[in-house]
$ cat query-v8.pdb   # PDB, C-alpha atoms and all ligand atoms
ATOM      1  CA  MET A   1     -71.286 149.812 106.721  1.00  0.00           C
ATOM      2  CA  VAL A   2     -70.306 149.750 103.061  1.00  0.00           C
ATOM      3  CA  TYR A   3     -71.359 146.598 101.232  1.00  0.00           C
ATOM      4  CA  ARG A   4     -69.615 145.482  98.111  1.00  0.00           C
ATOM      5  CA  LEU A   5     -70.602 142.849  95.621  1.00  0.00           C
ATOM      6  CA  CYS A   6     -67.624 140.913  94.255  1.00  0.00           C
ATOM      7  CA  PRO A   7     -68.733 138.868  91.235  1.00  0.00           C
ATOM      8  CA  SER A   8     -66.570 135.770  90.792  1.00  0.00           C
ATOM      9  CA  ILE A   9     -65.482 135.121  87.219  1.00  0.00           C
ATOM     10  CA  LEU A  10     -65.114 131.425  87.963  1.00  0.00           C
ATOM     11  CA  ALA A  11     -68.765 131.216  86.889  1.00  0.00           C
ATOM     12  CA  ALA A  12     -68.255 133.270  83.705  1.00  0.00           C
ATOM     13  CA  ASP A  13     -68.583 132.049  80.146  1.00  0.00           C
ATOM     14  CA  PHE A  14     -64.885 132.222  79.272  1.00  0.00           C
ATOM     15  CA  ASN A  15     -65.679 132.467  75.615  1.00  0.00           C
ATOM     16  CA  ARG A  16     -67.244 135.858  76.353  1.00  0.00           C
ATOM     17  CA  LEU A  17     -65.207 136.897  79.385  1.00  0.00           C
ATOM     18  CA  GLY A  18     -64.356 140.468  78.324  1.00  0.00           C
ATOM     19  CA  GLU A  19     -67.923 141.223  77.324  1.00  0.00           C
ATOM     20  CA  GLN A  20     -69.334 139.807  80.584  1.00  0.00           C
ATOM     21  CA  ILE A  21     -66.897 141.835  82.705  1.00  0.00           C
ATOM     22  CA  ARG A  22     -67.987 144.979  80.852  1.00  0.00           C
ATOM     23  CA  THR A  23     -71.626 144.161  81.600  1.00  0.00           C
ATOM     24  CA  LEU A  24     -70.864 143.814  85.328  1.00  0.00           C
ATOM     25  CA  GLU A  25     -68.944 147.078  85.371  1.00  0.00           C
ATOM     26  CA  GLU A  26     -71.680 148.968  83.528  1.00  0.00           C
ATOM     27  CA  ALA A  27     -74.259 147.620  85.994  1.00  0.00           C
ATOM     28  CA  GLY A  28     -72.286 149.153  88.859  1.00  0.00           C
ATOM     29  CA  ALA A  29     -70.070 146.345  90.198  1.00  0.00           C
ATOM     30  CA  LYS A  30     -66.735 147.767  91.375  1.00  0.00           C
ATOM     31  CA  TRP A  31     -64.853 144.648  92.467  1.00  0.00           C
ATOM     32  CA  LEU A  32     -64.056 141.563  90.409  1.00  0.00           C
ATOM     33  CA  HIS A  33     -63.314 138.381  92.334  1.00  0.00           C
ATOM     34  CA  ILE A  34     -60.683 136.262  90.592  1.00  0.00           C
ATOM     35  CA  ASP A  35     -60.256 132.660  91.784  1.00  0.00           C
ATOM     36  CA  VAL A  36     -56.853 131.121  91.110  1.00  0.00           C
ATOM     37  CA  MET A  37     -56.620 127.367  91.821  1.00  0.00           C
ATOM     38  CA  ASP A  38     -53.534 125.195  91.609  1.00  0.00           C
ATOM     39  CA  GLY A  39     -54.866 121.613  91.697  1.00  0.00           C
ATOM     40  CA  ASP A  40     -52.929 121.093  94.928  1.00  0.00           C
ATOM     41  CA  PHE A  41     -54.430 123.289  97.656  1.00  0.00           C
ATOM     42  CA  VAL A  42     -57.782 122.524  96.039  1.00  0.00           C
ATOM     43  CA  PRO A  43     -58.612 119.639  93.701  1.00  0.00           C
ATOM     44  CA  SER A  44     -59.364 121.793  90.672  1.00  0.00           C
ATOM     45  CA  ILE A  45     -57.306 124.088  88.423  1.00  0.00           C
ATOM     46  CA  SER A  46     -58.781 127.361  87.157  1.00  0.00           C
ATOM     47  CA  PHE A  47     -56.585 129.972  85.461  1.00  0.00           C
ATOM     48  CA  GLY A  48     -53.652 132.214  86.271  1.00  0.00           C
ATOM     49  CA  MET A  49     -51.533 135.181  85.307  1.00  0.00           C
ATOM     50  CA  PRO A  50     -52.107 135.365  81.520  1.00  0.00           C
ATOM     51  CA  VAL A  51     -55.894 135.618  81.960  1.00  0.00           C
ATOM     52  CA  ILE A  52     -55.594 138.337  84.600  1.00  0.00           C
ATOM     53  CA  LYS A  53     -53.100 140.280  82.519  1.00  0.00           C
ATOM     54  CA  SER A  54     -55.385 140.107  79.537  1.00  0.00           C
ATOM     55  CA  ILE A  55     -58.595 141.279  81.278  1.00  0.00           C
ATOM     56  CA  ARG A  56     -56.613 144.039  83.070  1.00  0.00           C
ATOM     57  CA  LYS A  57     -56.109 145.794  79.723  1.00  0.00           C
ATOM     58  CA  GLU A  58     -59.814 146.520  79.342  1.00  0.00           C
ATOM     59  CA  SER A  59     -61.200 146.713  82.861  1.00  0.00           C
ATOM     60  CA  GLY A  60     -61.039 149.451  85.465  1.00  0.00           C
ATOM     61  CA  MET A  61     -62.579 147.231  88.150  1.00  0.00           C
ATOM     62  CA  PHE A  62     -60.782 146.484  91.406  1.00  0.00           C
ATOM     63  CA  PHE A  63     -59.131 143.081  90.929  1.00  0.00           C
ATOM     64  CA  ASP A  64     -59.672 140.974  94.037  1.00  0.00           C
ATOM     65  CA  VAL A  65     -57.447 137.918  93.574  1.00  0.00           C
ATOM     66  CA  HIS A  66     -58.234 134.877  95.733  1.00  0.00           C
ATOM     67  CA  LEU A  67     -55.276 132.498  95.704  1.00  0.00           C
ATOM     68  CA  MET A  68     -56.285 128.909  96.376  1.00  0.00           C
ATOM     69  CA  VAL A  69     -52.671 127.934  95.949  1.00  0.00           C
ATOM     70  CA  MET A  70     -50.086 126.191  98.150  1.00  0.00           C
ATOM     71  CA  ALA A  71     -47.195 128.421  99.259  1.00  0.00           C
ATOM     72  CA  PRO A  72     -48.691 131.510  97.556  1.00  0.00           C
ATOM     73  CA  GLU A  73     -45.717 133.622  98.749  1.00  0.00           C
ATOM     74  CA  ARG A  74     -43.968 132.443  95.578  1.00  0.00           C
ATOM     75  CA  TYR A  75     -46.361 134.345  93.326  1.00  0.00           C
ATOM     76  CA  ILE A  76     -47.266 137.611  95.067  1.00  0.00           C
ATOM     77  CA  GLN A  77     -45.068 139.790  92.855  1.00  0.00           C
ATOM     78  CA  ASP A  78     -46.282 138.066  89.699  1.00  0.00           C
ATOM     79  CA  PHE A  79     -49.932 138.663  90.507  1.00  0.00           C
ATOM     80  CA  VAL A  80     -49.318 142.294  91.337  1.00  0.00           C
ATOM     81  CA  ARG A  81     -47.507 142.717  88.032  1.00  0.00           C
ATOM     82  CA  CYS A  82     -50.489 141.184  86.229  1.00  0.00           C
ATOM     83  CA  GLY A  83     -52.853 143.718  87.765  1.00  0.00           C
ATOM     84  CA  ALA A  84     -54.070 142.457  91.157  1.00  0.00           C
ATOM     85  CA  ASP A  85     -55.349 145.240  93.459  1.00  0.00           C
ATOM     86  CA  SER A  86     -55.909 142.876  96.368  1.00  0.00           C
ATOM     87  CA  ILE A  87     -54.450 139.487  97.185  1.00  0.00           C
ATOM     88  CA  THR A  88     -56.030 136.964  99.536  1.00  0.00           C
ATOM     89  CA  VAL A  89     -54.044 133.952 100.705  1.00  0.00           C
ATOM     90  CA  HIS A  90     -55.248 130.976 102.713  1.00  0.00           C
ATOM     91  CA  ALA A  91     -54.046 130.533 106.272  1.00  0.00           C
ATOM     92  CA  GLU A  92     -53.892 126.779 105.595  1.00  0.00           C
ATOM     93  CA  ALA A  93     -51.669 127.227 102.519  1.00  0.00           C
ATOM     94  CA  CYS A  94     -48.879 129.291 104.089  1.00  0.00           C
ATOM     95  CA  ASP A  95     -45.975 128.017 106.181  1.00  0.00           C
ATOM     96  CA  ASP A  96     -45.529 131.485 107.584  1.00  0.00           C
ATOM     97  CA  LEU A  97     -48.756 133.479 107.265  1.00  0.00           C
ATOM     98  CA  GLU A  98     -47.226 136.605 108.821  1.00  0.00           C
ATOM     99  CA  GLN A  99     -44.501 136.649 106.234  1.00  0.00           C
ATOM    100  CA  ALA A 100     -47.057 136.191 103.435  1.00  0.00           C
ATOM    101  CA  ILE A 101     -49.034 139.173 104.786  1.00  0.00           C
ATOM    102  CA  GLU A 102     -45.873 141.264 104.825  1.00  0.00           C
ATOM    103  CA  LEU A 103     -45.023 140.315 101.253  1.00  0.00           C
ATOM    104  CA  ILE A 104     -48.466 141.362 100.040  1.00  0.00           C
ATOM    105  CA  ARG A 105     -48.302 144.621 102.012  1.00  0.00           C
ATOM    106  CA  ASP A 106     -44.815 145.378 100.656  1.00  0.00           C
ATOM    107  CA  ALA A 107     -46.059 144.748  97.125  1.00  0.00           C
ATOM    108  CA  GLY A 108     -48.435 147.701  97.669  1.00  0.00           C
ATOM    109  CA  VAL A 109     -51.801 145.984  97.360  1.00  0.00           C
ATOM    110  CA  ARG A 110     -54.659 145.253  99.711  1.00  0.00           C
ATOM    111  CA  VAL A 111     -54.132 142.297 102.055  1.00  0.00           C
ATOM    112  CA  GLY A 112     -56.622 139.494 102.668  1.00  0.00           C
ATOM    113  CA  ILE A 113     -56.386 136.216 104.537  1.00  0.00           C
ATOM    114  CA  SER A 114     -58.830 133.376 104.204  1.00  0.00           C
ATOM    115  CA  ILE A 115     -59.993 130.455 106.281  1.00  0.00           C
ATOM    116  CA  LYS A 116     -61.649 127.260 105.089  1.00  0.00           C
ATOM    117  CA  PRO A 117     -64.881 126.120 106.793  1.00  0.00           C
ATOM    118  CA  ALA A 118     -63.035 123.856 109.250  1.00  0.00           C
ATOM    119  CA  THR A 119     -60.460 126.475 110.305  1.00  0.00           C
ATOM    120  CA  PRO A 120     -61.475 128.364 113.457  1.00  0.00           C
ATOM    121  CA  VAL A 121     -61.453 132.161 113.619  1.00  0.00           C
ATOM    122  CA  ASN A 122     -59.106 131.762 116.547  1.00  0.00           C
ATOM    123  CA  ASP A 123     -56.314 130.624 114.190  1.00  0.00           C
ATOM    124  CA  ILE A 124     -56.100 134.069 112.586  1.00  0.00           C
ATOM    125  CA  SER A 125     -57.515 136.419 115.230  1.00  0.00           C
ATOM    126  CA  HIS A 126     -54.022 137.553 116.315  1.00  0.00           C
ATOM    127  CA  LEU A 127     -53.433 138.907 112.782  1.00  0.00           C
ATOM    128  CA  LEU A 128     -56.492 141.112 112.453  1.00  0.00           C
ATOM    129  CA  ARG A 129     -54.471 144.286 112.895  1.00  0.00           C
ATOM    130  CA  ASP A 130     -52.286 143.395 109.931  1.00  0.00           C
ATOM    131  CA  VAL A 131     -54.900 142.752 107.247  1.00  0.00           C
ATOM    132  CA  ASP A 132     -57.554 144.644 105.298  1.00  0.00           C
ATOM    133  CA  HIS A 133     -60.039 141.813 105.095  1.00  0.00           C
ATOM    134  CA  VAL A 134     -60.690 138.272 106.228  1.00  0.00           C
ATOM    135  CA  LEU A 135     -62.337 135.924 103.758  1.00  0.00           C
ATOM    136  CA  VAL A 136     -64.546 133.387 105.478  1.00  0.00           C
ATOM    137  CA  MET A 137     -65.121 130.513 103.052  1.00  0.00           C
ATOM    138  CA  THR A 138     -68.728 129.376 103.280  1.00  0.00           C
ATOM    139  CA  VAL A 139     -68.167 126.279 101.087  1.00  0.00           C
ATOM    140  CA  GLN A 140     -65.139 124.026 100.651  1.00  0.00           C
ATOM    141  CA  PRO A 141     -62.898 126.012  98.307  1.00  0.00           C
ATOM    142  CA  GLY A 142     -62.388 124.573  94.850  1.00  0.00           C
ATOM    143  CA  PHE A 143     -65.674 124.722  92.975  1.00  0.00           C
ATOM    144  CA  GLY A 144     -68.487 127.141  92.224  1.00  0.00           C
ATOM    145  CA  GLY A 145     -72.158 126.297  92.582  1.00  0.00           C
ATOM    146  CA  GLN A 146     -71.996 124.578  95.981  1.00  0.00           C
ATOM    147  CA  LYS A 147     -74.466 124.890  98.821  1.00  0.00           C
ATOM    148  CA  TYR A 148     -73.795 127.423 101.599  1.00  0.00           C
ATOM    149  CA  MET A 149     -72.565 125.737 104.788  1.00  0.00           C
ATOM    150  CA  ASP A 150     -74.771 126.969 107.622  1.00  0.00           C
ATOM    151  CA  GLU A 151     -72.150 126.224 110.262  1.00  0.00           C
ATOM    152  CA  CYS A 152     -70.021 129.072 108.859  1.00  0.00           C
ATOM    153  CA  THR A 153     -72.515 131.777 109.853  1.00  0.00           C
ATOM    154  CA  GLU A 154     -71.342 131.624 113.447  1.00  0.00           C
ATOM    155  CA  LYS A 155     -67.741 132.267 112.337  1.00  0.00           C
ATOM    156  CA  ILE A 156     -68.801 135.460 110.545  1.00  0.00           C
ATOM    157  CA  ARG A 157     -70.571 136.616 113.689  1.00  0.00           C
ATOM    158  CA  GLU A 158     -67.590 135.778 115.900  1.00  0.00           C
ATOM    159  CA  LEU A 159     -65.230 137.649 113.613  1.00  0.00           C
ATOM    160  CA  ARG A 160     -67.475 140.736 113.449  1.00  0.00           C
ATOM    161  CA  GLU A 161     -67.609 140.796 117.251  1.00  0.00           C
ATOM    162  CA  LEU A 162     -63.824 140.637 117.526  1.00  0.00           C
ATOM    163  CA  ILE A 163     -63.403 143.411 114.959  1.00  0.00           C
ATOM    164  CA  GLU A 164     -65.888 145.616 116.789  1.00  0.00           C
ATOM    165  CA  GLU A 165     -64.474 144.876 120.218  1.00  0.00           C
ATOM    166  CA  GLU A 166     -61.049 146.019 119.065  1.00  0.00           C
ATOM    167  CA  ASP A 167     -62.461 148.813 116.914  1.00  0.00           C
ATOM    168  CA  LEU A 168     -60.550 147.634 113.843  1.00  0.00           C
ATOM    169  CA  ASP A 169     -60.971 148.646 110.226  1.00  0.00           C
ATOM    170  CA  VAL A 170     -61.215 145.140 108.760  1.00  0.00           C
ATOM    171  CA  ASP A 171     -63.748 143.948 106.202  1.00  0.00           C
ATOM    172  CA  ILE A 172     -65.340 140.520 106.281  1.00  0.00           C
ATOM    173  CA  GLN A 173     -65.633 138.798 102.941  1.00  0.00           C
ATOM    174  CA  VAL A 174     -67.714 135.694 102.345  1.00  0.00           C
ATOM    175  CA  ASP A 175     -67.403 133.311  99.426  1.00  0.00           C
ATOM    176  CA  GLY A 176     -69.480 130.318  98.411  1.00  0.00           C
ATOM    177  CA  GLY A 177     -73.151 129.482  98.020  1.00  0.00           C
ATOM    178  CA  ILE A 178     -74.439 133.049  98.143  1.00  0.00           C
ATOM    179  CA  ASN A 179     -77.966 133.466  96.787  1.00  0.00           C
ATOM    180  CA  ASP A 180     -81.050 135.573  97.539  1.00  0.00           C
ATOM    181  CA  GLU A 181     -81.549 133.851 100.873  1.00  0.00           C
ATOM    182  CA  THR A 182     -77.968 133.397 102.135  1.00  0.00           C
ATOM    183  CA  LEU A 183     -77.117 136.999 101.180  1.00  0.00           C
ATOM    184  CA  GLU A 184     -79.397 138.117 104.010  1.00  0.00           C
ATOM    185  CA  THR A 185     -77.897 135.559 106.400  1.00  0.00           C
ATOM    186  CA  VAL A 186     -74.291 136.677 105.837  1.00  0.00           C
ATOM    187  CA  ILE A 187     -75.060 140.399 105.955  1.00  0.00           C
ATOM    188  CA  GLU A 188     -77.046 139.964 109.127  1.00  0.00           C
ATOM    189  CA  ALA A 189     -74.067 138.060 110.616  1.00  0.00           C
ATOM    190  CA  GLY A 190     -71.673 140.896 109.757  1.00  0.00           C
ATOM    191  CA  ALA A 191     -70.144 140.271 106.311  1.00  0.00           C
ATOM    192  CA  ASN A 192     -69.719 143.251 103.983  1.00  0.00           C
ATOM    193  CA  LEU A 193     -67.726 141.990 100.967  1.00  0.00           C
ATOM    194  CA  ILE A 194     -69.958 139.550  99.168  1.00  0.00           C
ATOM    195  CA  VAL A 195     -68.496 137.171  96.598  1.00  0.00           C
ATOM    196  CA  ALA A 196     -71.014 135.627  94.232  1.00  0.00           C
ATOM    197  CA  GLY A 197     -70.446 133.326  91.266  1.00  0.00           C
ATOM    198  CA  SER A 198     -73.501 131.464  90.045  1.00  0.00           C
ATOM    199  CA  TYR A 199     -75.842 134.034  91.666  1.00  0.00           C
ATOM    200  CA  VAL A 200     -74.504 136.679  89.269  1.00  0.00           C
ATOM    201  CA  PHE A 201     -73.558 134.729  86.141  1.00  0.00           C
ATOM    202  CA  ARG A 202     -76.948 133.154  85.507  1.00  0.00           C
ATOM    203  CA  GLY A 203     -79.480 134.752  83.161  1.00  0.00           C
ATOM    204  CA  ASP A 204     -79.196 138.543  82.844  1.00  0.00           C
ATOM    205  CA  LEU A 205     -75.876 139.529  84.430  1.00  0.00           C
ATOM    206  CA  GLY A 206     -76.539 143.266  84.520  1.00  0.00           C
ATOM    207  CA  GLU A 207     -79.974 142.785  86.062  1.00  0.00           C
ATOM    208  CA  ASN A 208     -78.520 140.383  88.659  1.00  0.00           C
ATOM    209  CA  VAL A 209     -75.919 142.953  89.721  1.00  0.00           C
ATOM    210  CA  ARG A 210     -78.552 145.678  90.033  1.00  0.00           C
ATOM    211  CA  HIS A 211     -80.877 143.347  91.955  1.00  0.00           C
ATOM    212  CA  ILE A 212     -78.172 142.338  94.456  1.00  0.00           C
ATOM    213  CA  ARG A 213     -77.040 145.926  94.955  1.00  0.00           C
ATOM    214  CA  ARG A 214     -80.627 147.048  95.582  1.00  0.00           C
ATOM    215  CA  LYS A 215     -81.059 144.226  98.057  1.00  0.00           C
ATOM    216  CA  MET A 216     -77.891 145.214  99.925  1.00  0.00           C
ATOM    217  CA  GLU A 217     -79.084 148.811 100.088  1.00  0.00           C
ATOM    218  CA  LYS A 218     -82.416 147.712 101.510  1.00  0.00           C
ATOM    219  CA  MET A 219     -80.542 145.890 104.246  1.00  0.00           C
ATOM    220  CA  GLY A 220     -79.277 149.220 105.441  1.00  0.00           C
ATOM    221  CA  GLY A 221     -75.870 149.453 103.830  1.00  0.00           C
ATOM    222  CA  GLU A 222     -74.416 151.764 101.268  1.00  0.00           C
ATOM    223  CA  THR A 223     -73.290 149.949  98.187  1.00  0.00           C
ATOM    224  CA  ASP A 224     -69.976 150.699  96.614  1.00  0.00           C
TER     225      ASP A 224
HETATM  226  C1  LIG A 301     -64.871 128.630  95.294  1.00  0.00           C
HETATM  227  C2  LIG A 301     -64.520 130.033  94.868  1.00  0.00           C
HETATM  228  C3  LIG A 301     -65.694 130.912  94.739  1.00  0.00           C
HETATM  229  C4  LIG A 301     -66.733 130.503  93.725  1.00  0.00           C
HETATM  230  C5  LIG A 301     -68.069 130.805  94.350  1.00  0.00           C
HETATM  231  O1  LIG A 301     -63.759 127.964  95.750  1.00  0.00           O
HETATM  232  O2  LIG A 301     -63.624 130.623  95.785  1.00  0.00           O
HETATM  233  O3  LIG A 301     -65.305 132.276  94.532  1.00  0.00           O
HETATM  234  O4  LIG A 301     -66.651 131.149  92.500  1.00  0.00           O
HETATM  235  O5  LIG A 301     -69.080 130.299  93.550  1.00  0.00           O
HETATM  236  P1  LIG A 301     -70.598 130.317  93.997  1.00  0.00           P
HETATM  237  O6  LIG A 301     -70.966 131.737  94.295  1.00  0.00           O
HETATM  238  O7  LIG A 301     -71.294 129.754  92.792  1.00  0.00           O
HETATM  239  O8  LIG A 301     -70.711 129.421  95.192  1.00  0.00           O
HETATM  240 ZN    ZN A 302     -63.190 132.859  95.714  1.00  0.00          ZN
END

$ encode --input "query-v8.pdb" --output "structure tokens"
Amino acid sequence: MVYRLCPSILAADFNRLGEQIRTLEEAGAKWLHIDVMDGDFVPSISFGMPVIKSIRKESGMFFDVHLMVMAPERYIQDFVRCGADSITVHAEACDDLEQAIELIRDAGVRVGISIKPATPVNDISHLLRDVDHVLVMTVQPGFGGQKYMDECTEKIRELRELIEEEDLDVDIQVDGGINDETLETVIEAGANLIVAGSYVFRGDLGENVRHIRRKMEKMGGETD
């Protein structure tokens, strides 16, 4: 299994965003998790296209855009134009999730779908063949720095079983409350794309990335 760390810039110091992204990249992080919030699907508002467009100019990282936005179908093309390499939409935010998946696929980027803690795996299991990853939220979406919700571990396990049973090539991403302890929990349950905000953007960013990557390797995965 290939494990990937996806640092979330929601926890960055926006006054030094470019510099911090460079530090992550130099320390070996390949993916950058970019949280877009609309103040409607979630209570808070983060940032949008101009920020992504601007950081795209200087970064070669894989831009993993997580849309916490109602009716995200409206913006797929825009985010691809700004530099998204992957777009994740929420099952709860789309009227027609299958159509949203198709739009992302047609736009030529990687396709992700996400479920909030209260949404069962069953709601999206019929779409596993159509996506590249499923993002299992392990906190209520909307804010960084929250505590991992233990009840979500079972959903990761259930999803990994389904993927293995059907022999599918689908990654499981987790997002929210990841730290030294919960990293082991989610990997053990079957997650392989690990989003981390405060875990990475606290203290020495480069050292944090190297520490997490070493830890993932010790757990038996290759890091990418
Ligand atoms: C929350 C966002 C997360 C957030 C995670 O809605 O989707 O990506 O940055 O932050 P931590 O890792 O601090 O829980
Ligand atoms: Zn996120």

$ closest_atom_pairs --input "query-v8.pdb" --of "chain A" --to "ligand ZN 302 (chain A)" --cutoff "6 Å" --atoms "all atoms listed in the file" --output "JSON lines"
{"residue": "A:Asp35", "atom": "CA", "partner": "A:ZN302", "partner_atom": "ZN", "distance": 4.9}
{"residue": "A:His66", "atom": "CA", "partner": "A:ZN302", "partner_atom": "ZN", "distance": 5.4}
{"residue": "A:Asp175", "atom": "CA", "partner": "A:ZN302", "partner_atom": "ZN", "distance": 5.6}

$ resolve_selection --input "query-v8.pdb" --expression "the PyMOL selection byres (((not hetatm)) within 8 of (chain A and resi 301))" --output "mmCIF file with C-alpha atoms, in the coordinates of the input"
data_model
loop_
_atom_site.group_PDB
_atom_site.id
_atom_site.type_symbol
_atom_site.label_atom_id
_atom_site.label_comp_id
_atom_site.auth_asym_id
_atom_site.auth_seq_id
_atom_site.Cartn_x
_atom_site.Cartn_y
_atom_site.Cartn_z
ATOM 1 C CA SER A 8 -66.570 135.770 90.792
ATOM 2 C CA ILE A 9 -65.482 135.121 87.219
ATOM 3 C CA LEU A 10 -65.114 131.425 87.963
ATOM 4 C CA ALA A 11 -68.765 131.216 86.889
ATOM 5 C CA HIS A 33 -63.314 138.381 92.334
ATOM 6 C CA ILE A 34 -60.683 136.262 90.592
ATOM 7 C CA ASP A 35 -60.256 132.660 91.784
ATOM 8 C CA HIS A 66 -58.234 134.877 95.733
ATOM 9 C CA MET A 68 -56.285 128.909 96.376
ATOM 10 C CA MET A 137 -65.121 130.513 103.052
ATOM 11 C CA VAL A 139 -68.167 126.279 101.087
ATOM 12 C CA GLN A 140 -65.139 124.026 100.651
ATOM 13 C CA PRO A 141 -62.898 126.012 98.307
ATOM 14 C CA GLY A 142 -62.388 124.573 94.850
ATOM 15 C CA PHE A 143 -65.674 124.722 92.975
ATOM 16 C CA GLY A 144 -68.487 127.141 92.224
ATOM 17 C CA GLY A 145 -72.158 126.297 92.582
ATOM 18 C CA GLN A 146 -71.996 124.578 95.981
ATOM 19 C CA LYS A 147 -74.466 124.890 98.821
ATOM 20 C CA TYR A 148 -73.795 127.423 101.599
ATOM 21 C CA ASP A 175 -67.403 133.311 99.426
ATOM 22 C CA GLY A 176 -69.480 130.318 98.411
ATOM 23 C CA GLY A 177 -73.151 129.482 98.020
ATOM 24 C CA ILE A 178 -74.439 133.049 98.143
ATOM 25 C CA ASN A 179 -77.966 133.466 96.787
ATOM 26 C CA VAL A 195 -68.496 137.171 96.598
ATOM 27 C CA ALA A 196 -71.014 135.627 94.232
ATOM 28 C CA GLY A 197 -70.446 133.326 91.266
ATOM 29 C CA SER A 198 -73.501 131.464 90.045
ATOM 30 C CA TYR A 199 -75.842 134.034 91.666
ATOM 31 C CA VAL A 200 -74.504 136.679 89.269
#

$ resolve_selection --input "query-v8.pdb" --expression "the PyMOL selection byres (((chain A and resi 70-74) around 6) and not hetatm)" --output "PyMOL selection string"
chain A and resi 41+69+75-76+93-94+100

$ resolve_selection --input "query-v8.pdb" --expression "the PyMOL selection byres (((chain A and resi 202-214) around 8) and not hetatm)" --output "number ranges by chain"
A: 5, 20, 23-24, 26-29, 180, 198-201, 215-218, 223

$ residues_near_point --input "query-v8.pdb" --point "(-57.7, 152.1, 88.2)" --cutoff "12 Å" --atoms "all atoms listed in the file" --output "PyMOL selection string"
chain A and resi 30-31+56-63+83-85

$ residues_around --input "query-v8.pdb" --residues "stretch 154-167 of chain A" --least-positions-apart "5" --cutoff "8 Å" --atoms "all atoms listed in the file" --output "PyMOL selection string"
chain A and resi 120-121+125+128+136+172+186+189-191

$ residues_near_point --input "query-v8.pdb" --point "(-51.4, 133.4, 87.7)" --cutoff "9 Å" --atoms "only C-alpha atoms" --output "mmCIF file with C-alpha atoms, keeping the file's coordinate frame"
data_model
loop_
_atom_site.group_PDB
_atom_site.id
_atom_site.type_symbol
_atom_site.label_atom_id
_atom_site.label_comp_id
_atom_site.auth_asym_id
_atom_site.auth_seq_id
_atom_site.Cartn_x
_atom_site.Cartn_y
_atom_site.Cartn_z
ATOM 1 C CA VAL A 36 -56.853 131.121 91.110
ATOM 2 C CA MET A 37 -56.620 127.367 91.821
ATOM 3 C CA PHE A 47 -56.585 129.972 85.461
ATOM 4 C CA GLY A 48 -53.652 132.214 86.271
ATOM 5 C CA MET A 49 -51.533 135.181 85.307
ATOM 6 C CA PRO A 50 -52.107 135.365 81.520
ATOM 7 C CA VAL A 51 -55.894 135.618 81.960
ATOM 8 C CA ILE A 52 -55.594 138.337 84.600
ATOM 9 C CA LYS A 53 -53.100 140.280 82.519
ATOM 10 C CA LEU A 67 -55.276 132.498 95.704
ATOM 11 C CA TYR A 75 -46.361 134.345 93.326
ATOM 12 C CA ASP A 78 -46.282 138.066 89.699
ATOM 13 C CA PHE A 79 -49.932 138.663 90.507
ATOM 14 C CA CYS A 82 -50.489 141.184 86.229
#

$ atom_distance --input "query-v8.pdb" --atom1 "atom CA of A:Gly18" --atom2 "atom CA of A:Arg110"
24.0 Å

$ atom_distance --input "query-v8.pdb" --atom1 "atom CA of A:Glu222" --atom2 "atom CA of A:Met1"
6.6 Å

$ closest_residue --input "query-v8.pdb" --among "A:Ile194, A:Ser86, A:Leu127, A:Ile115" --to "A:Gln99" --atoms "only C-alpha atoms"
A:Leu127

$ atom_distance --input "query-v8.pdb" --atom1 "atom CA of A:Cys152" --atom2 "atom CA of A:Ile104"
26.3 Å

$ axis_aligned_box --input "query-v8.pdb" --around "stretch 155-169 of chain A" --padding-each-side "8 Å" --output "lines of an AutoDock Vina configuration file"
center_x = -65.6
center_y = 140.5
center_z = 115.2
size_x = 26.0
size_y = 32.5
size_z = 26.0

$ closest_residue --input "query-v8.pdb" --among "A:Leu97, A:Glu19, A:Leu32, A:Asp224" --to "A:Asp130" --atoms "only C-alpha atoms"
A:Leu97

$ closest_residue --input "query-v8.pdb" --among "A:Asn192, A:Thr153, A:Thr88, A:Thr138" --to "A:Pro117" --atoms "all atoms listed in the file"
A:Thr138

$ closest_residue --input "query-v8.pdb" --among "A:Val134, A:Arg22, A:Ile55, A:Val89" --to "A:Val174" --atoms "all atoms listed in the file"
A:Val134

$ closest_residue --input "query-v8.pdb" --among "A:Arg105, A:Arg16, A:His90, A:Arg81" --to "A:Asp123" --atoms "only C-alpha atoms"
A:His90

$ closest_residue --input "query-v8.pdb" --among "A:Glu184, A:Asp132, A:Glu92, A:Asp171" --to "A:Val111" --atoms "only C-alpha atoms"
A:Asp132
